[in-house]
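Engineer: So here's upload_24.txt, just compact mmCIF, C-alpha atoms:
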```
# COMPACT_ATOMS: atom_id res chain seq x y z
CA MET A 283 115.78 88.85 95.05
CA THR A 284 112.83 86.59 95.90
CA SER A 285 112.15 86.36 99.61
CA ASP A 286 111.98 82.90 101.07
CA PRO A 287 108.63 82.44 102.86
CA ARG A 288 110.16 80.75 105.89
CA PRO A 289 108.53 81.58 109.24
CA LEU A 290 110.41 84.33 111.04
CA SER A 291 111.15 84.55 114.72
CA PRO A 292 110.00 85.81 117.24
CA HIS A 293 106.32 84.83 116.61
CA LEU A 294 105.08 87.77 118.65
CA GLN A 295 101.47 86.62 118.49
CA VAL A 296 102.10 83.62 120.76
CA TYR A 297 103.37 85.72 123.64
CA ARG A 298 101.22 87.08 126.45
CA TRP A 299 101.38 90.88 126.75
CA GLN A 300 103.57 91.95 129.64
CA LEU A 301 104.91 95.23 130.98
CA THR A 302 108.48 94.65 129.78
CA SER A 303 107.62 93.96 126.14
CA VAL A 304 104.93 96.65 125.99
CA LEU A 305 107.31 99.32 127.34
CA SER A 306 110.01 98.14 124.94
CA ILE A 307 107.92 98.54 121.78
CA LEU A 308 106.38 101.78 123.14
CA HIS A 309 109.90 103.23 123.36
CA ARG A 310 110.28 102.70 119.61
CA ILE A 311 106.80 103.95 118.78
CA ALA A 312 107.33 107.05 120.92
CA GLY A 313 110.71 107.63 119.24
CA VAL A 314 109.19 107.48 115.74
CA ALA A 315 106.32 109.73 116.86
CA LEU A 316 108.81 112.23 118.29
CA ALA A 317 110.75 112.28 115.02
CA ALA A 318 107.50 113.25 113.29
CA GLY A 319 106.71 115.77 116.05
CA THR A 320 110.09 117.41 115.61
CA VAL A 321 109.06 118.32 112.08
CA LEU A 322 106.23 120.26 113.76
CA LEU A 323 108.83 122.07 115.90
CA VAL A 324 110.78 123.08 112.79
CA TRP A 325 107.56 124.22 111.10
CA TRP A 326 106.81 126.40 114.15
CA LEU A 327 110.34 127.91 114.27
CA GLY A 328 110.32 128.48 110.52
CA ALA A 329 106.93 130.19 110.67
CA ALA A 330 108.12 132.45 113.47
CA ALA A 331 111.12 133.43 111.34
CA ASP A 332 108.98 133.99 108.23
CA GLY A 333 106.72 136.62 109.75
CA PRO A 334 103.51 137.36 111.67
CA GLU A 335 101.05 135.74 109.21
CA PRO A 336 102.75 132.32 108.99
CA TYR A 337 103.25 132.37 112.76
CA ALA A 338 99.58 133.18 113.34
CA ARG A 339 98.61 130.23 111.14
CA VAL A 340 100.75 127.84 113.21
CA GLN A 341 99.42 129.27 116.48
CA ALA A 342 95.85 128.91 115.22
CA PHE A 343 96.50 125.28 114.30
CA LEU A 344 98.16 124.49 117.66
CA GLY A 345 95.25 126.12 119.47
CA SER A 346 92.65 124.08 117.54
CA TRP A 347 91.46 120.71 118.82
CA PRO A 348 93.49 118.61 116.34
CA GLY A 349 96.52 120.76 117.20
CA ARG A 350 96.00 120.34 120.92
CA ILE A 351 95.58 116.59 120.57
CA LEU A 352 98.84 116.44 118.56
CA LEU A 353 100.61 118.55 121.21
CA PHE A 354 99.25 116.32 123.95
CA GLY A 355 100.41 113.18 122.12
CA TRP A 356 103.80 114.79 121.53
CA SER A 357 104.16 115.59 125.24
CA VAL A 358 103.22 112.05 126.33
CA ALA A 359 105.66 110.55 123.80
CA LEU A 360 108.40 112.96 124.90
CA PHE A 361 108.04 112.30 128.64
CA TYR A 362 107.76 108.55 128.08
CA HIS A 363 110.78 108.37 125.75
CA LEU A 364 112.77 110.60 128.14
CA ALA A 365 111.95 108.53 131.23
CA ASN A 366 112.40 105.18 129.51
CA GLY A 367 115.54 106.50 127.80
CA LEU A 368 117.03 107.20 131.24
CA ARG A 369 116.05 103.62 132.17
CA HIS A 370 117.96 102.41 129.11
CA LEU A 371 121.02 104.50 130.03
CA TRP A 372 120.88 102.98 133.50
CA TRP A 373 120.77 99.49 131.95
CA ASP A 374 123.76 100.46 129.78
CA THR A 375 125.84 100.66 132.96
CA GLY A 376 125.03 96.97 133.51
CA ARG A 377 122.63 97.55 136.41
CA GLY A 378 118.95 96.98 137.07
CA PHE A 379 118.43 93.69 135.23
CA GLU A 380 116.95 91.67 138.10
CA LEU A 381 113.31 90.88 137.28
CA ARG A 382 112.02 92.79 140.31
CA GLN A 383 114.15 95.83 139.40
CA VAL A 384 113.02 95.72 135.76
CA TYR A 385 109.36 95.83 136.83
CA LEU A 386 110.02 98.49 139.45
CA SER A 387 111.81 100.77 136.96
CA GLY A 388 109.12 100.01 134.37
CA TRP A 389 106.27 101.12 136.61
CA THR A 390 108.36 104.12 137.71
CA VAL A 391 108.62 105.15 134.04
CA VAL A 392 104.83 104.81 133.64
CA GLY A 393 104.25 106.89 136.78
CA ALA A 394 106.81 109.53 135.78
CA THR A 395 105.21 109.86 132.33
CA ILE A 396 101.76 110.46 133.86
CA VAL A 397 103.01 112.90 136.51
CA LEU A 398 105.19 114.92 134.09
CA THR A 399 102.42 115.10 131.47
CA LEU A 400 99.83 116.29 134.00
CA LEU A 401 102.30 118.77 135.49
CA ALA A 402 103.28 120.19 132.08
CA TRP A 403 99.66 120.60 130.96
CA GLY A 404 98.51 121.95 134.33
CA VAL A 405 101.10 124.71 134.26
CA GLY A 406 100.92 125.19 130.48
CA LEU A 407 97.14 125.62 130.33
CA SER A 408 97.17 128.07 133.22
CA HIS A 409 99.69 130.15 131.24
CA TRP A 410 97.82 129.70 127.97
CA SER A 411 94.62 131.20 129.34
CA ARG A 412 96.24 134.17 131.06
CA MET B 5 146.20 79.59 120.65
CA ALA B 6 145.26 79.28 124.28
CA THR B 7 142.02 81.25 124.02
CA PRO B 8 139.08 78.86 123.76
CA THR B 9 136.51 79.72 121.11
CA LEU B 10 133.07 78.43 120.20
CA ARG B 11 133.52 79.40 116.56
CA SER B 12 134.40 76.73 114.01
CA SER B 13 137.63 76.93 112.03
CA LEU B 14 135.59 77.55 108.88
CA GLY B 15 133.65 80.33 110.60
CA ARG B 16 136.86 82.05 111.63
CA ALA B 17 138.38 81.68 108.17
CA VAL B 18 135.31 83.11 106.39
CA GLY B 19 135.19 85.94 108.92
CA LEU B 20 131.46 86.59 108.77
CA GLY B 21 129.36 87.22 111.83
CA SER B 22 129.48 90.64 113.43
CA ALA B 23 129.41 93.50 110.93
CA LYS B 24 132.41 94.97 112.83
CA GLU B 25 130.71 98.30 112.99
CA GLY B 26 128.02 99.70 115.19
CA VAL B 27 130.01 100.81 118.22
CA ALA B 28 130.17 104.36 116.86
CA HIS B 29 126.41 104.28 116.22
CA TRP B 30 125.78 102.98 119.74
CA TRP B 31 127.95 105.67 121.35
CA ALA B 32 126.51 108.48 119.25
CA GLN B 33 123.00 107.37 120.22
CA ARG B 34 123.91 107.43 123.92
CA ILE B 35 125.84 110.71 123.86
CA THR B 36 123.04 112.50 122.01
CA ALA B 37 120.59 110.92 124.49
CA LEU B 38 122.59 112.32 127.42
CA ALA B 39 122.72 115.76 125.79
CA LEU B 40 118.99 115.66 125.09
CA VAL B 41 118.04 115.07 128.75
CA PRO B 42 118.83 118.64 129.92
CA LEU B 43 118.05 120.17 126.49
CA THR B 44 114.52 118.74 126.27
CA LEU B 45 113.75 119.51 129.92
CA TRP B 46 114.86 123.12 129.30
CA PHE B 47 112.85 123.29 126.06
CA VAL B 48 109.66 121.94 127.61
CA ALA B 49 109.95 124.33 130.55
CA ALA B 50 110.56 127.21 128.11
CA ILE B 51 107.56 126.48 125.87
CA ILE B 52 105.32 126.04 128.92
CA GLU B 53 106.51 129.45 130.07
CA LEU B 54 105.80 130.79 126.54
CA ALA B 55 102.35 129.19 126.23
CA GLY B 56 99.92 131.87 125.09
CA ALA B 57 102.73 134.30 124.21
CA ASP B 58 102.34 136.43 121.08
CA ARG B 59 104.96 136.48 118.32
CA ALA B 60 106.75 139.56 119.70
CA MET B 61 107.35 137.82 123.03
CA PHE B 62 108.48 134.67 121.25
CA VAL B 63 110.91 136.55 118.96
CA GLU B 64 112.30 138.47 121.93
CA TRP B 65 112.91 135.15 123.69
CA VAL B 66 114.75 133.60 120.69
CA LYS B 67 116.83 136.78 120.31
CA SER B 68 118.40 136.37 123.75
CA PRO B 69 121.70 134.48 123.34
CA LEU B 70 121.09 131.49 125.60
CA PRO B 71 117.81 130.29 124.04
CA ALA B 72 119.25 130.74 120.53
CA VAL B 73 122.34 128.63 121.31
CA LEU B 74 120.33 126.00 123.19
CA LEU B 75 117.76 125.78 120.37
CA VAL B 76 120.53 125.14 117.81
CA LEU B 77 122.04 122.48 120.09
CA LEU B 78 118.59 120.97 120.63
CA LEU B 79 117.96 120.79 116.88
CA LEU B 80 121.36 119.22 116.16
CA ALA B 81 121.10 116.64 118.97
CA THR B 82 117.46 115.83 118.20
CA PHE B 83 117.89 115.23 114.48
CA TYR B 84 121.13 113.29 114.95
CA HIS B 85 119.47 111.12 117.62
CA ALA B 86 116.31 110.72 115.50
CA ALA B 87 118.26 109.74 112.39
CA LEU B 88 120.18 107.09 114.35
CA GLY B 89 116.96 105.73 115.85
CA LEU B 90 114.96 105.76 112.62
CA GLN B 91 117.87 104.02 110.88
CA VAL B 92 117.58 101.07 113.28
CA VAL B 93 113.78 100.95 112.95
CA ILE B 94 114.02 100.93 109.12
CA GLU B 95 116.76 98.29 109.17
CA ASP B 96 114.70 96.10 111.51
CA TYR B 97 111.34 96.18 109.77
CA ILE B 98 111.90 96.79 106.05
CA GLU B 99 112.82 93.47 104.49
CA ASN B 100 113.03 94.58 100.85
CA THR B 101 116.64 95.66 100.22
CA ALA B 102 115.89 98.36 97.65
CA LEU B 103 113.07 99.87 99.69
CA ARG B 104 115.22 99.75 102.85
CA LEU B 105 118.13 101.52 101.18
CA GLY B 106 115.79 104.06 99.59
CA LEU B 107 114.11 104.85 102.91
CA LEU B 108 117.47 105.18 104.67
CA ILE B 109 118.64 107.69 102.07
CA VAL B 110 115.38 109.69 102.12
CA MET B 111 115.31 109.68 105.94
CA ARG B 112 118.90 110.96 106.24
CA LEU B 113 118.42 113.66 103.62
CA ALA B 114 115.13 114.73 105.25
CA ALA B 115 116.84 114.95 108.66
CA ILE B 116 119.50 117.23 107.16
CA VAL B 117 116.90 119.40 105.40
CA PHE B 118 114.86 119.84 108.60
CA VAL B 119 117.84 120.55 110.86
CA VAL B 120 119.20 123.16 108.43
CA ARG B 121 115.74 124.73 108.10
CA GLY B 122 115.40 124.86 111.89
CA ILE B 123 118.85 126.30 112.53
CA PHE B 124 118.37 128.86 109.75
CA ALA B 125 115.09 129.95 111.39
CA VAL B 126 116.76 130.37 114.80
CA LEU B 127 119.66 132.35 113.30
CA LYS B 128 117.31 134.53 111.26
CA LEU B 129 115.28 135.30 114.38
CA SER B 130 118.45 135.99 116.39
CA PHE B 131 120.15 138.29 113.90
CA GLY B 132 117.19 139.51 111.86
CA ALA B 133 115.10 142.61 112.34
```
If you took the structure in this file and wrote it as structure tokens, what would it be?
Structural biologist:
Amino acid sequence: MTSDPRPLSPHLQVYRWQLTSVLSILHRIAGVALAAGTVLLVWWLGAAADGPEPYARVQAFLGSWPGRILLFGWSVALFYHLANGLRHLWWDTGRGFELRQVYLSGWTVVGATIVLTLLAWGVGLSHWSR
Amino acid sequence: MATPTLRSSLGRAVGLGSAKEGVAHWWAQRITALALVPLTLWFVAAIIELAGADRAMFVEWVKSPLPAVLLVLLLLATFYHAALGLQVVIEDYIENTALRLGLLIVMRLAAIVFVVRGIFAVLKLSFGA
């Protein structure tokens, strides 16, 4: 089938960036990133089941700088998708659609993501180095 | 017919429009989302607690019944939720029909492979030596 080169809506490039649209696309991006990160979780579980050497390899990777950066990105994506997912579930009940409420819940999600990420890494790193 | 409609007579006769499916997808996405709220919070708290643990401590943790059951539930809910979400992303952005269908098939099969691999690992750790 040949695709018809008609212009497609919604012409994203003409819109000014705003909190609502940025959080919306970030929810998708975080979801896709988490799907990829879950493969890492399975790799880790599988390595633990396979024996000490495979497990040591995974631990060494997660302890390295690329591994830590991946883990950090995974945690940010997880907390964001979790917080914004709760926002979506709240919307699903038909509430919270007034413009002021949408911005308030949006900034709450941003704040919750930052606080939860810092909390998780603060506690996690103190355990890691024990 | 007393019910007013904005659809033309032709539109109603042809019966196109909504795909007449999607409610099950919508509900499954929400129910797995609800299940994942406590499961992910538990999992994150558990791996923070396990940070820096050696393999023996980790295996001992998976061997206890509650973590094993919760890990299996987490894997099932996560991959189901992920497959539903990735399906929508693929459907939205991949215009080419053959590529879209191919990606949907590969994505679903991959989700099944990973969830089975993960569950097998948890069970092996739980029951194994």
Engineer: For the atom pair CA of Ala87 (chain B) and CA of Ala115 (chain B), what is the interatomic distance in Å to one decimal place?
Structural biologist: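 Calculated distance between CA of Ala87 (chain B) and CA of Ala115 (chain B) is 6.6 Å.
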Engineer: Please check the contacts: residues of chain B at most 9 Å away from chain A, using only C-alpha atoms, listed as an MDAnalysis selection string.
Structural biologist: chainID B and resid 34 37:38 40:41 44 48:49 51:60 62:63 79 82:83 86:87 89:90 93 99:101 118:119 121:129 132
Engineer: Any idea what the distance is between CA of Val392 (chain A) and CA of Trp299 (chain A)?
Structural biologist: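 These two atoms are separated by 15.9 Å.
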Engineer: Quick one: pull the distance between CA of Tyr362 (chain A) and CA of Arg104 (chain B), Å, one decimal.
Structural biologist: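 Taking CA of Tyr362 (chain A) and CA of Arg104 (chain B), their separation equals 27.7 Å.
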Engineer: Would you mind listing what lies within 12 Å of Leu386 (chain A) as a list in words, with only C-alpha atoms counted and same-chain residues fewer than 6 positions away left out?
Structural biologist: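 The residues satisfying every condition are Leu301, Thr302, Arg369, Gly378, Phe379, Glu380, Val392 and Gly393 of chain A.
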Engineer: Report as JSON the centre and the edge lengths, in Å to one decimal, of the axis-aligned box holding every listed atom of region 379-392 of chain A, padded by 3 Å on each side.
Structural biologist:
```
{"center_x": 111.6, "center_y": 98.0, "center_z": 137.0, "size_x": 19.6, "size_y": 20.3, "size_z": 12.7}
```
Engineer: Restricting the calculation to only C-alpha atoms: of A:Gly388, A:Arg350, A:Ala359, A:Gln300, which residue gets closest to Trp373 (chain A)?
Structural biologist: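 Among the listed residues, A:Gly388 lies closest to Trp373 (chain A).
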